[in-house]
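Colleague: Handing you this structure, nothing more for now.
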There are 2 protein chains.
Amino acid sequence: MGQFVYSFNEGSKDMKSLLGGKGANLAEMTKIGLPVPFGFTVTTEACNKYYADGKKMSKEVIDQTFEKLAELENVISKKFGDPTNPLLVSVRSGAVFSMPGMMDTILNLGLNDETVEGMSKLTGNERFAFDSYRRFIQMFGDVVLDISKSKFDEIFDAKKEEKGYEVDIDLKSDDLKAIIASYKALIKKEVGRDFPQDPKEQLMEAIMAVFRSWNNERAVLYRQLNNIPSSLGTAVNVQSMVFGNMGDTSGTGVAFTRNPATGENKIFGEFLVNAQGEDVVAGIRTPLPIDEMAVKFESVYKDFVKIAELLEKHYTDMQDMEFTIENNKLFMLQTRSGKRTAAAAVKVAVDMEKEGLIDRKTAITRIDPAQIDQLLHPTFDPIEIKKAVKLAKGLAASPGASYGKVYFNAASAEVAAATGEKVILVRLETSPEDLAGMVAAEGILTARGGMTSHAAVVARGMGKCCVSGCTGIKVNEKEKLFEAGGRIFKEGAYISLDGSTGDVYEGLVKTVKAELSGDFNTIMKWADEVRVLKVRANADNPKDAQQAIEFGAEGIGLCRTEHMFFNEERIPAVRRMILADSEVERREALAFLLPYQKEDFKGIYEIMGDRPVTIRLLDPPLHEFLPHTDEEIEILSKQINVPFEKLKKKTLDLHEFNPMLGHRGCRLAVTYPEIAEMQAEAIITAAIELKKEKGMEIIPEIMIPLIGLEKELAFVKNTVVDTINRCFEKQGVKVEYLVGTMIEVPRAALTADEIAKEAEFFSFGTNDLTQMTFGFSRDDTNEIINQYRELLIFEEDPFQTIDVAGVGKLVEMSVKLGRQTRPTIKLGICGEHGGDPKTVELCHNIGLNYVSCSPFRVPIARLAAAQAVVKAEGNNHTADK
Amino acid sequence: MGQFVYSFNEGSKDMKSLLGGKGANLAEMTKIGLPVPFGFTVTTEACNKYYADGKKMSKEVIDQTFEKLAELENVISKKFGDPTNPLLVSVRSGAVFSMPGMMDTILNLGLNDETVEGMSKLTGNERFAFDSYRRFIQMFGDVVLDISKSKFDEIFDAKKEEKGYEVDIDLKSDDLKAIIASYKALIKKEVGRDFPQDPKEQLMEAIMAVFRSWNNERAVLYRQLNNIPSSLGTAVNVQSMVFGNMGDTSGTGVAFTRNPATGENKIFGEFLVNAQGEDVVAGIRTPLPIDEMAVKFESVYKDFVKIAELLEKHYTDMQDMEFTIENNKLFMLQTRSGKRTAAAAVKVAVDMEKEGLIDRKTAITRIDPAQIDQLLHPTFDPIEIKKAVKLAKGLAASPGASYGKVYFNAASAEVAAATGEKVILVRLETSPEDLAGMVAAEGILTARGGMTSHAAVVARGMGKCCVSGCTGIKVNEKEKLFEAGGRIFKEGAYISLDGSTGDVYEGLVKTVKAELSGDFNTIMKWADEVRVLKVRANADNPKDAQQAIEFGAEGIGLCRTEHMFFNEERIPAVRRMILADSEVERREALAFLLPYQKEDFKGIYEIMGDRPVTIRLLDPPLHEFLPHTDEEIEILSKQINVPFEKLKKKTLDLHEFNPMLGHRGCRLAVTYPEIAEMQAEAIITAAIELKKEKGMEIIPEIMIPLIGLEKELAFVKNTVVDTINRCFEKQGVKVEYLVGTMIEVPRAALTADEIAKEAEFFSFGTNDLTQMTFGFSRDDTNEIINQYRELLIFEEDPFQTIDVAGVGKLVEMSVKLGRQTRPTIKLGICGEHGGDPKTVELCHNIGLNYVSCSPFRVPIARLAAAQAVVKAEGNNHTADK
């Protein structure tokens, strides 16, 4: 027979899985001698036993509970049901992981028709006693007997109305007695039995009710959403009541050991005189800042400060505490690790390391990488945003806040921006053609597209605010307007975007610039010391490359050459290339593009210096470079002097039912080897020229996309290597280089041992790999994914956090198979997942060499990579949360 | 030191890998005492050694060759270079697998300026001797010295012109001597040395040339196309020459032991008097039927018949033989397993089993399953087709031959067919909307789409002839015409299609109906006795189900419910369902559809009886049920009285960038559970009603498509099971049923252990699995796949034969993982691959329970499944080919 019930002096903070978070911390505080109202905890195992026994309390648990109850009565010299000195207790759930508000609480248990009188005499406050009894019956009826709260409220409100009272406080003792009588009658009517007068019966029923609440609907939902196993069960804490509402010598409050907003090392909190905990939370009365406690409860405050300091040292983390003062006596009711802003997290971690409280590895784990985005991007002025009118909510596609006048196409956005206007580009969705407009805009808003749509990916790359998939706005690009909430917004109207939340606001909401503190740099330095994974950035031009280096990138993991094709000077040649009737014509157009591409690469190489640069050969289907509507075709037809019909026909010929699975990636290089040849020549010649001109030793990494078969890679690699050898001959100089491939087609992952025969590196393109592994087009399945998340089919959006069981399995297979063939193969990831902390952890654990993400996510990845090391070391550096 | 050269009396037919096919059979015939001109074989190992030694003949091989040469000289009492009795030999390649015409042959080796004179005296035919010498020099120049044939032809033709001769036979000995002189001069000029006069030198150079020819371009290509490893190498056969062109007592011929067209058990072949082997092949003179040999060479013919019988018994298979008669003496030059038509293959196999030559398992292996299609479909009249004009060539999408008048949309095809016209439906591509037109048509021709396009899949299901992806025709559906080869074909013009070859012919070409012989049924019965895999059919209606049973299907592996939605009576309700603004409206439309669906299933169940029927819930994206062009929308708008704008908006809303990866499959059942509910109700109520009405015990298998996650399956299964329980309650009767899933998304395969928790069966949807595993849209990648096959990146079209290394690996993983969780799980395949023999073999080997394919492929699958058993048993039942 095991122990199912623990008095508070029997446990410790390390017994969380048995006692729950709250119970373990109450035990810990008791153990270290803090003033905690005594009590005991019925364990999670008792909860599991309750379910295993078919929702019945076993004799063992009942016996042990009453044993501990007797001990409690002894310790505090009060007795259950004693009319002269009754023991009252609170009964609270306490799960292993905090599930705020998910389960039920019962206060004042132990009151009955007799003890309420005793209580009244003891406190000299009849109204207080009967109001407590009234509340207890109501809570018991609701939580234990499952009678709708509203039925109790009806009785209560009827009495107020009958008496013509405005507020609850007007009710007299007699009114409360009448209400109690009605409450009892209601219970009798609803459940066919009387409200139990025996406190022990009350207690047993309450404990079982808390156990049942573990499986109430919202608790189940919360657990599923937060990935908490149902098998954990909840503990139940039975604690003697203390009252903060016993008059002006009493009170209650909550406080943090440090400022949770700024991290300042100073107690921060608020309290209420003559009040219970619920009053603070309910917000009916305005609490006082904690400093005033020093005035109102001088010695109690001194005690509290000492306790706060002690708790922080003891837990080695900033604490969030609840306390009650009963007749000038301080009681601690709760302590736990405090939630904090990113800025506070950084400052607290660095300060605590300096104070010697924690070591550097622990400091690193104290910052949630996902929060870092807050520090890198502008945010709305906190005052202004409160007044702003929200228009719609889309996906938080790229963080930051921005405002500007709306424009509905890239060209007019560019023109407006050139005149100094702040511009928000609003589109149904963006395509590579909108690039210049996106560069010019402060923020981007699209009606369609998900977290990995073109708009989202490109905006994140630029560190520019973007809200995508905002189905609440109806965009009419032709009429240059959008509709939201029944209103029309025309070109030039102001709106404001919060890319960190997805909110779209009417009008101009001022923003506050992001500033990186010295503490942030300190944390990053520590992270760099610890991490093993390299962190690269995805960057397509010198400006992004520069930004990437500033954020600490150690190379470029993905340079997308197609973005260079959209430049105004080049797009005509790109189109000539696509429209070419012969290889000769196509080669002419490519020859025109060659010097541009070469200069692109030189620019990037120069900035990156000896850091590696991975350049991906042309990837998108060619029709992305052509216009699609008849109007656009008409315009282009005149521009480039190609007959409308021919242009139209070409766009139709290139049309694909499923372009994602069509003529793109390496398939272009197989069909038109001359494109790969031009790109290989540009990549290598750029390196050779920098060697000649500046003595730089660039080692380009040439990446072939969308490979599915070894022979396919061999074919394209052959084209590339032949071209490079010709370059070497022509230039009379050689440079080192690598040829590798994206692993983004499931088949490539499945046959990575074969592919590795040809590839010197793998870069996991987890965007496409996720699309194909799930059969989810990221352009089409936003709504489905949202629905799946609501239905809990998905715990996370697989386009944001890598799907470990499916896509992750493929990546792991590839790593194993690839290294089997070529032990020295370089392995990295360059999908959007590269900046997601959970994915970074996976990448560390399966032994990749690097992750690559958009420049603004580089700090996140650096931190996540360091945390992965600490976590894998298995040291319990993580604070008790 | 190994043995690199074997005399014919040292080898046997079991030494094919060492001696090549030809060499092993020559040795075998020698061994059993048949008259084979003596000789020896230089082994494939010698070839590999030649390459390993850097294309040099090692001393060992040279020495052994001359040793065997000496033996040969001894045996036939002739000598290399002996002017009075010269030994002449042929030098022929002989690979392990037959590579007809791929490598080189040299005849009359041993002739030089001296021996030609001896030969002249010996035969008393100067012209013959010099013509032989002339031919030898030319062959040697071409094969060994790599001098272009055309250069020899120029000299030859110049002489003819100079002399004013019409035909070669006019050339006199002196002319030939002059030509020989010029040939020699040409060689000297081209390679800088004289034509070698030493026969031993000639021999060594010839052997090396044959070795080199193993790696000539066409041989390499052939091997890659036929998946023959390059490491096998070729053997070289050196055989003493016999001459069929020594006058009227000589001759040469080829013969089969049975008729290769019909299988009739009677020697079939042809021969020429006074001719060499090449003359038969070249077709300049018309050979005589073999029967006439009985007249012209009575005793030789008797010998030959005896030998043929002996060879057939010895090899236990129909033989294809070459022979030469030199001065009334018969010599066997070659024997091998004879190629035959499907009809002949069936008859020969059954006859031989009856004759006791082979057992049933062997008989089964003697028919190429891919050939069976020939037996099931009509073919063109062989006379008529020779006169037909070919217009274009597309993909052989669904076998059979048909002719008819062209119509360009389903409606007019239907109308025309109703008036008794034979119709060919010509479309850019087909969609489910074209179904009625496809049913009405004799054949279907599409300009776009691959082997697994809608047109191809549906046509195969119907057993209807189809040519898809015919890029050579330009279809203009609007103008109702197509263009091919610069000509226009309007509505009503006759064309003819061969779906077995992909050929499209102008005009009406008569067809011959297919007839199944009793022998065919015998073979099928034997196959059924042997095979372990069950064979089901994909069928969507009672007619197809009936057809499937006739072809021997043991159940339905895939019943696609969406095809039922396109029926004229129902499509309006389907569209109302899609256009519904609320769940209530949608449920109303579904309620209208319910009785139709129920009757569909009853019809199918009744025909299938106690055979299992797997019904797939609605799969395609909803937009497939709506019109797309403004014109079609306009028409529908009037038809169903829904405003054009609303209809248009809905089609736009439903538009997807990549519908393959969009809102379809189980995702529909998640979003609109009411659709799945209606279908589940129809499936179960149909079974209940048949139980009530006829006492039938139907066990429906409900299949949920496109599952990627366990929770997704759990969700839909829950909907289905709840509905079924309601049906049971309503009907007061229960029936058994299974719920399972397609495995067609890579993630489902990767997590099959999880999925199997919910699934009672898996059916591998290898079409979609192939699309997603490769990232190839079957609608868009025809041309890419063709190009990949030309470039040998693909050995086979992965949509026709399962890709073992990638897709096959996923299937195998799923089988393992699925059985791990649920050992009794039913496993089948229902993709198009289910009727492909190689895939069937894989399915047998990895332990699936059944394959399912279109009805017309059921016999192929039955045979392939039996062959897989025989092959896996490892018994060498397969004949020596």
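Identifiers for the structure tokens are assigned positionally: chains receive A, B, ... in sequence, residues are indexed from 1 per chain, and ligands are indexed from 1 in the order shown.
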List the neighbours of range 3-13 of chain B out to 7 Å using only C-alpha atoms; skip same-chain residues closer than 4 positions along the sequence, and give me the result as a PyMOL selection string.

Modeller: chain B and resi 24-28+30-31+38-43+45-46+61+64-65+68

Colleague: How about saving the chosen residues, N, CA, C and O atoms kept, as a compact mmCIF listing (two decimals), in the first residue's frame?

Modeller:
# COMPACT_ATOMS: atom_id res chain seq x y z
N ALA B 24 26.65 -20.73 -74.80
CA ALA B 24 26.18 -21.82 -73.95
C ALA B 24 25.31 -22.78 -74.76
O ALA B 24 25.40 -24.00 -74.61
N ASN B 25 24.47 -22.23 -75.62
CA ASN B 25 23.60 -23.08 -76.43
C ASN B 25 24.37 -23.84 -77.51
O ASN B 25 24.04 -24.98 -77.83
N LEU B 26 25.40 -23.21 -78.08
CA LEU B 26 26.24 -23.92 -79.04
C LEU B 26 26.94 -25.09 -78.34
O LEU B 26 27.02 -26.21 -78.88
N ALA B 27 27.43 -24.84 -77.13
CA ALA B 27 28.09 -25.90 -76.36
C ALA B 27 27.10 -27.01 -76.04
O ALA B 27 27.41 -28.20 -76.16
N GLU B 28 25.90 -26.63 -75.65
CA GLU B 28 24.88 -27.62 -75.28
C GLU B 28 24.56 -28.51 -76.48
O GLU B 28 24.49 -29.73 -76.35
N THR B 30 26.42 -29.07 -79.01
CA THR B 30 27.60 -29.91 -79.25
C THR B 30 27.57 -31.11 -78.30
O THR B 30 27.77 -32.25 -78.68
N LYS B 31 27.29 -30.80 -77.02
CA LYS B 31 27.29 -31.83 -75.98
C LYS B 31 26.31 -32.96 -76.29
O LYS B 31 26.60 -34.13 -76.09
N PHE B 38 32.39 -26.75 -85.37
CA PHE B 38 33.15 -26.66 -84.13
C PHE B 38 33.74 -25.27 -83.94
O PHE B 38 33.90 -24.49 -84.87
N GLY B 39 34.05 -24.98 -82.68
CA GLY B 39 34.62 -23.68 -82.37
C GLY B 39 34.84 -23.56 -80.89
O GLY B 39 34.84 -24.54 -80.16
N PHE B 40 35.06 -22.32 -80.44
CA PHE B 40 35.28 -22.10 -79.01
C PHE B 40 34.73 -20.73 -78.62
O PHE B 40 34.44 -19.90 -79.48
N THR B 41 34.62 -20.57 -77.30
CA THR B 41 34.06 -19.31 -76.79
C THR B 41 35.06 -18.65 -75.85
O THR B 41 35.57 -19.29 -74.94
N VAL B 42 35.35 -17.38 -76.12
CA VAL B 42 36.16 -16.58 -75.20
C VAL B 42 35.16 -15.98 -74.20
O VAL B 42 34.17 -15.37 -74.58
N THR B 43 35.39 -16.17 -72.90
CA THR B 43 34.34 -15.93 -71.90
C THR B 43 34.10 -14.44 -71.59
O THR B 43 34.91 -13.57 -71.91
N GLU B 45 34.29 -13.36 -68.71
CA GLU B 45 35.34 -12.98 -67.77
C GLU B 45 36.56 -12.44 -68.49
O GLU B 45 37.22 -11.51 -68.00
N ALA B 46 36.83 -13.01 -69.66
CA ALA B 46 37.93 -12.49 -70.47
C ALA B 46 37.62 -11.06 -70.89
O ALA B 46 38.50 -10.19 -70.93
N VAL B 61 44.93 -14.91 -71.86
CA VAL B 61 43.80 -15.06 -72.77
C VAL B 61 44.30 -15.36 -74.18
O VAL B 61 43.76 -16.22 -74.88
N GLN B 64 45.52 -18.97 -74.29
CA GLN B 64 44.42 -19.94 -74.26
C GLN B 64 43.65 -19.94 -75.57
O GLN B 64 43.19 -20.97 -76.06
N THR B 65 43.50 -18.75 -76.17
CA THR B 65 42.77 -18.66 -77.43
C THR B 65 43.48 -19.48 -78.50
O THR B 65 42.86 -20.26 -79.23
N LYS B 68 43.04 -23.21 -78.04
CA LYS B 68 41.74 -23.71 -78.51
C LYS B 68 41.66 -23.65 -80.03
O LYS B 68 40.99 -24.47 -80.67

Colleague: Can you tell me which residues surround Ala752 in chain B at a distance of at most 12 Å, considering only C-alpha atoms, apart from same-chain residues fewer than 3 positions away, and format the answer as a ChimeraX atom specification?

Modeller: /A:805-806 /B:707-710,713,740-749,755-764,810-822,825,827

Colleague: Counting only C-alpha atoms, collect the residues of chain A whose closest atom lies at most 7 Å from chain B, and write them out as number ranges by chain.

Modeller: A: 656-663, 708, 711-712, 745-747, 750-751, 772-777, 779-781, 793, 805-806

Colleague: On all C-alpha atoms matched in order, how well does chain B superpose onto chain A? Give the RMSD in Å.

Modeller: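 Chain A versus chain B: RMSD of 0.3 Å.
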
Colleague: For each of A:Ile523, A:Ala514, A:Val584, A:Val273, take the minimum atom-to-atom distance to Ala864 in chain A, counting only C-alpha atoms, then give the residue where this is smallest.

Modeller: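 Closest candidate: A:Ile523.
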
Colleague: For Asn567 in chain A, list every protein, DNA or RNA residue within 10 Å, evaluated using only C-alpha atoms, and leave out those in the same chain fewer than 6 positions away; present the list as a list in words.

Modeller: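 Once the nearby chain positions are removed, what remains is Pro432, Glu433, Leu435, Ala436, Val574 and Tyr596 of chain A.
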
Colleague: With C-alpha atoms retained, export the selected residues as a short mmCIF file (atom, residue, chain, number, x, y, z; two decimals), in the first residue's frame.

Modeller:
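Written file, again32.cif:
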data_model
loop_
_atom_site.label_atom_id
_atom_site.label_comp_id
_atom_site.auth_asym_id
_atom_site.auth_seq_id
_atom_site.Cartn_x
_atom_site.Cartn_y
_atom_site.Cartn_z
CA PRO A 432 7.93 37.48 -56.95
CA GLU A 433 6.83 40.31 -59.24
CA LEU A 435 9.22 42.31 -54.78
CA ALA A 436 10.05 45.97 -55.43
CA VAL A 574 14.49 36.54 -68.28
CA TYR A 596 24.33 40.58 -63.59
#

Colleague: As an exercise, work out the distance from CA of Lys361 in chain B to CA of Ala344 in chain B in Å and give it to one decimal place.

Modeller: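 We find that CA of Lys361 in chain B and CA of Ala344 in chain B lie 17.6 Å from each other.
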
Colleague: Leaving out Phe489 in chain B and any residue of its chain fewer than 6 positions from it, which residues lie within 10 Å of it when counting only C-alpha atoms, given as a list of chain:residue names?

Modeller: B:Val406, B:Ile473, B:Val475, B:Lys480, B:Leu481, B:Phe482, B:Glu483, B:Ile495, B:Glu506

Colleague: What would the file look like if the residues just selected were written as a PDB file, in the first residue's frame with N, CA and C atoms?

Modeller:
ATOM      1  N   VAL B 406     -14.970  12.001 -84.816  1.00  0.00           N
ATOM      2  CA  VAL B 406     -14.498  12.792 -83.685  1.00  0.00           C
ATOM      3  C   VAL B 406     -15.569  13.772 -83.216  1.00  0.00           C
ATOM      4  N   ILE B 473      -1.255  16.450 -81.633  1.00  0.00           N
ATOM      5  CA  ILE B 473      -2.479  17.061 -82.153  1.00  0.00           C
ATOM      6  C   ILE B 473      -2.789  18.313 -81.350  1.00  0.00           C
ATOM      7  N   VAL B 475      -5.694  20.537 -80.157  1.00  0.00           N
ATOM      8  CA  VAL B 475      -7.145  20.493 -80.040  1.00  0.00           C
ATOM      9  C   VAL B 475      -7.703  21.889 -79.781  1.00  0.00           C
ATOM     10  N   LYS B 480     -14.248  23.205 -82.218  1.00  0.00           N
ATOM     11  CA  LYS B 480     -14.559  21.813 -82.540  1.00  0.00           C
ATOM     12  C   LYS B 480     -13.702  21.269 -83.679  1.00  0.00           C
ATOM     13  N   LEU B 481     -12.404  21.342 -83.479  1.00  0.00           N
ATOM     14  CA  LEU B 481     -11.509  20.772 -84.474  1.00  0.00           C
ATOM     15  C   LEU B 481     -10.174  20.458 -83.829  1.00  0.00           C
ATOM     16  N   PHE B 482      -9.420  19.607 -84.537  1.00  0.00           N
ATOM     17  CA  PHE B 482      -8.027  19.484 -84.124  1.00  0.00           C
ATOM     18  C   PHE B 482      -7.150  19.521 -85.360  1.00  0.00           C
ATOM     19  N   GLU B 483      -5.899  19.869 -85.087  1.00  0.00           N
ATOM     20  CA  GLU B 483      -4.933  19.966 -86.167  1.00  0.00           C
ATOM     21  C   GLU B 483      -3.866  18.909 -85.940  1.00  0.00           C
ATOM     22  N   ILE B 495     -11.447   9.075 -87.375  1.00  0.00           N
ATOM     23  CA  ILE B 495     -10.073   8.689 -87.041  1.00  0.00           C
ATOM     24  C   ILE B 495     -10.122   7.316 -86.376  1.00  0.00           C
ATOM     25  N   GLU B 506      -5.581   8.312 -89.468  1.00  0.00           N
ATOM     26  CA  GLU B 506      -6.594   9.014 -90.222  1.00  0.00           C
ATOM     27  C   GLU B 506      -7.628   7.988 -90.710  1.00  0.00           C
TER      28      GLU B 506
END

Colleague: If you run DSSP on the backbone, which residues of range 42-222 of chain A are strand (DSSP E or B), as an MDAnalysis selection string?

Modeller: chainID A and resid 42 79 86 89:95 105:109

Colleague: Hey, what's within 8 Å of Pro612 in chain B if we count only C-alpha atoms and toss same-chain stuff fewer than 2 positions away? As a PDB file with N, CA and C atoms, in the first residue's frame, please?

Modeller:
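And here's selection_14.pdb as it stands now:
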ATOM      1  N   GLU B 554     -11.910 -11.122 -57.274  1.00  0.00           N
ATOM      2  CA  GLU B 554     -12.413 -11.746 -56.048  1.00  0.00           C
ATOM      3  C   GLU B 554     -13.002 -10.732 -55.081  1.00  0.00           C
ATOM      4  N   GLY B 555     -13.225  -9.537 -55.568  1.00  0.00           N
ATOM      5  CA  GLY B 555     -13.786  -8.497 -54.726  1.00  0.00           C
ATOM      6  C   GLY B 555     -13.536  -7.166 -55.400  1.00  0.00           C
ATOM      7  N   ILE B 556     -14.063  -6.107 -54.784  1.00  0.00           N
ATOM      8  CA  ILE B 556     -13.776  -4.764 -55.290  1.00  0.00           C
ATOM      9  C   ILE B 556     -12.829  -4.109 -54.306  1.00  0.00           C
ATOM     10  N   GLY B 557     -11.698  -3.676 -54.807  1.00  0.00           N
ATOM     11  CA  GLY B 557     -10.698  -3.059 -53.945  1.00  0.00           C
ATOM     12  C   GLY B 557     -10.842  -1.565 -53.879  1.00  0.00           C
ATOM     13  N   MET B 608     -21.731  -8.540 -56.338  1.00  0.00           N
ATOM     14  CA  MET B 608     -20.517  -9.074 -55.713  1.00  0.00           C
ATOM     15  C   MET B 608     -20.825 -10.182 -54.711  1.00  0.00           C
ATOM     16  N   ASP B 610     -20.917 -12.403 -51.736  1.00  0.00           N
ATOM     17  CA  ASP B 610     -20.125 -12.400 -50.503  1.00  0.00           C
ATOM     18  C   ASP B 610     -18.684 -11.975 -50.736  1.00  0.00           C
ATOM     19  N   THR B 614     -14.755  -2.666 -51.144  1.00  0.00           N
ATOM     20  CA  THR B 614     -14.163  -1.519 -50.451  1.00  0.00           C
ATOM     21  C   THR B 614     -14.678  -0.245 -51.099  1.00  0.00           C
ATOM     22  N   ILE B 698     -23.624  -8.828 -46.265  1.00  0.00           N
ATOM     23  CA  ILE B 698     -22.590  -7.967 -46.850  1.00  0.00           C
ATOM     24  C   ILE B 698     -21.731  -7.394 -45.717  1.00  0.00           C
ATOM     25  N   ILE B 699     -20.404  -7.396 -45.917  1.00  0.00           N
ATOM     26  CA  ILE B 699     -19.511  -6.761 -44.930  1.00  0.00           C
ATOM     27  C   ILE B 699     -18.796  -5.605 -45.624  1.00  0.00           C
ATOM     28  N   PRO B 700     -19.415  -4.430 -45.648  1.00  0.00           N
ATOM     29  CA  PRO B 700     -18.776  -3.318 -46.390  1.00  0.00           C
ATOM     30  C   PRO B 700     -17.455  -2.916 -45.743  1.00  0.00           C
ATOM     31  N   GLU B 701     -16.527  -2.528 -46.590  1.00  0.00           N
ATOM     32  CA  GLU B 701     -15.242  -1.993 -46.121  1.00  0.00           C
ATOM     33  C   GLU B 701     -15.226  -0.517 -46.482  1.00  0.00           C
TER      34      GLU B 701
END

Colleague: Which one of B:Ile290, B:Ile358, B:Cys666, B:Met204 sits closest to Phe66 in chain B if you count only C-alpha atoms?

Modeller: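 Using only C-alpha atoms, the shortest distance to Phe66 in chain B belongs to B:Met204.
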
Colleague: Which of these, A:Thr249, A:Phe644, A:Gly507, A:Asn849, has the shortest distance to Glu632 in chain A once you count only C-alpha atoms?

Modeller: A:Phe644

Colleague: Rounded to one decimal in Å, what is the spacing between CA of Val467 in chain B and CA of Leu445 in chain B?

Modeller: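 Atom-to-atom, CA of Val467 in chain B to CA of Leu445 in chain B, that is 4.9 Å.
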
Colleague: May I have the residues within 8 Å of Arg427 in chain A as a list of chain:residue names, using only C-alpha atoms and disregarding those fewer than 4 positions away in the same chain?

Modeller: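 Non-adjacent residues within range: A:Phe408, A:Asn409, A:Ile444, A:Leu445, A:Thr446, A:Ala447, A:Val475, A:Glu477.
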
Colleague: Running DSSP on the backbone, which parts of range 598-659 of chain A land in alpha helix (DSSP H), as a count of residues only?

Modeller: 33

Colleague: For Glu624 in chain B, find every residue with an atom within 9 Å (counting only C-alpha atoms), except residues of its own chain fewer than 2 positions away, and show them as an mmCIF file with N, CA, C and O atoms, in the first residue's frame.

Modeller:
data_model
loop_
_atom_site.group_PDB
_atom_site.id
_atom_site.type_symbol
_atom_site.label_atom_id
_atom_site.label_comp_id
_atom_site.auth_asym_id
_atom_site.auth_seq_id
_atom_site.Cartn_x
_atom_site.Cartn_y
_atom_site.Cartn_z
ATOM 1 N N SER B 431 -12.298 15.478 -67.679
ATOM 2 C CA SER B 431 -12.545 15.651 -66.257
ATOM 3 C C SER B 431 -13.762 14.782 -65.939
ATOM 4 O O SER B 431 -14.409 14.266 -66.847
ATOM 5 N N PRO B 432 -14.067 14.600 -64.661
ATOM 6 C CA PRO B 432 -15.207 13.736 -64.332
ATOM 7 C C PRO B 432 -16.494 14.151 -65.053
ATOM 8 O O PRO B 432 -17.363 13.311 -65.293
ATOM 9 N N GLU B 433 -16.604 15.412 -65.441
ATOM 10 C CA GLU B 433 -17.789 15.870 -66.154
ATOM 11 C C GLU B 433 -17.957 15.205 -67.512
ATOM 12 O O GLU B 433 -19.039 15.204 -68.077
ATOM 13 N N PRO B 620 -12.429 13.737 -54.550
ATOM 14 C CA PRO B 620 -11.895 14.877 -55.304
ATOM 15 C C PRO B 620 -12.284 16.222 -54.689
ATOM 16 O O PRO B 620 -13.275 16.314 -53.963
ATOM 17 N N PRO B 621 -11.491 17.255 -54.995
ATOM 18 C CA PRO B 621 -11.864 18.592 -54.533
ATOM 19 C C PRO B 621 -13.214 18.990 -55.113
ATOM 20 O O PRO B 621 -13.544 18.612 -56.252
ATOM 21 N N LEU B 622 -13.985 19.734 -54.344
ATOM 22 C CA LEU B 622 -15.355 20.023 -54.763
ATOM 23 C C LEU B 622 -15.430 20.807 -56.072
ATOM 24 O O LEU B 622 -16.408 20.706 -56.807
ATOM 25 N N LEU B 626 -17.979 21.663 -60.276
ATOM 26 C CA LEU B 626 -18.528 22.934 -60.784
ATOM 27 C C LEU B 626 -17.910 23.253 -62.138
ATOM 28 O O LEU B 626 -16.807 22.823 -62.439
ATOM 29 N N PRO B 627 -18.653 24.027 -62.939
ATOM 30 C CA PRO B 627 -18.087 24.450 -64.219
ATOM 31 C C PRO B 627 -16.993 25.503 -63.981
ATOM 32 O O PRO B 627 -16.934 26.095 -62.900
ATOM 33 N N HIS B 628 -16.173 25.736 -65.002
ATOM 34 C CA HIS B 628 -15.044 26.645 -64.790
ATOM 35 C C HIS B 628 -15.050 27.869 -65.686
ATOM 36 O O HIS B 628 -14.711 28.953 -65.258
#
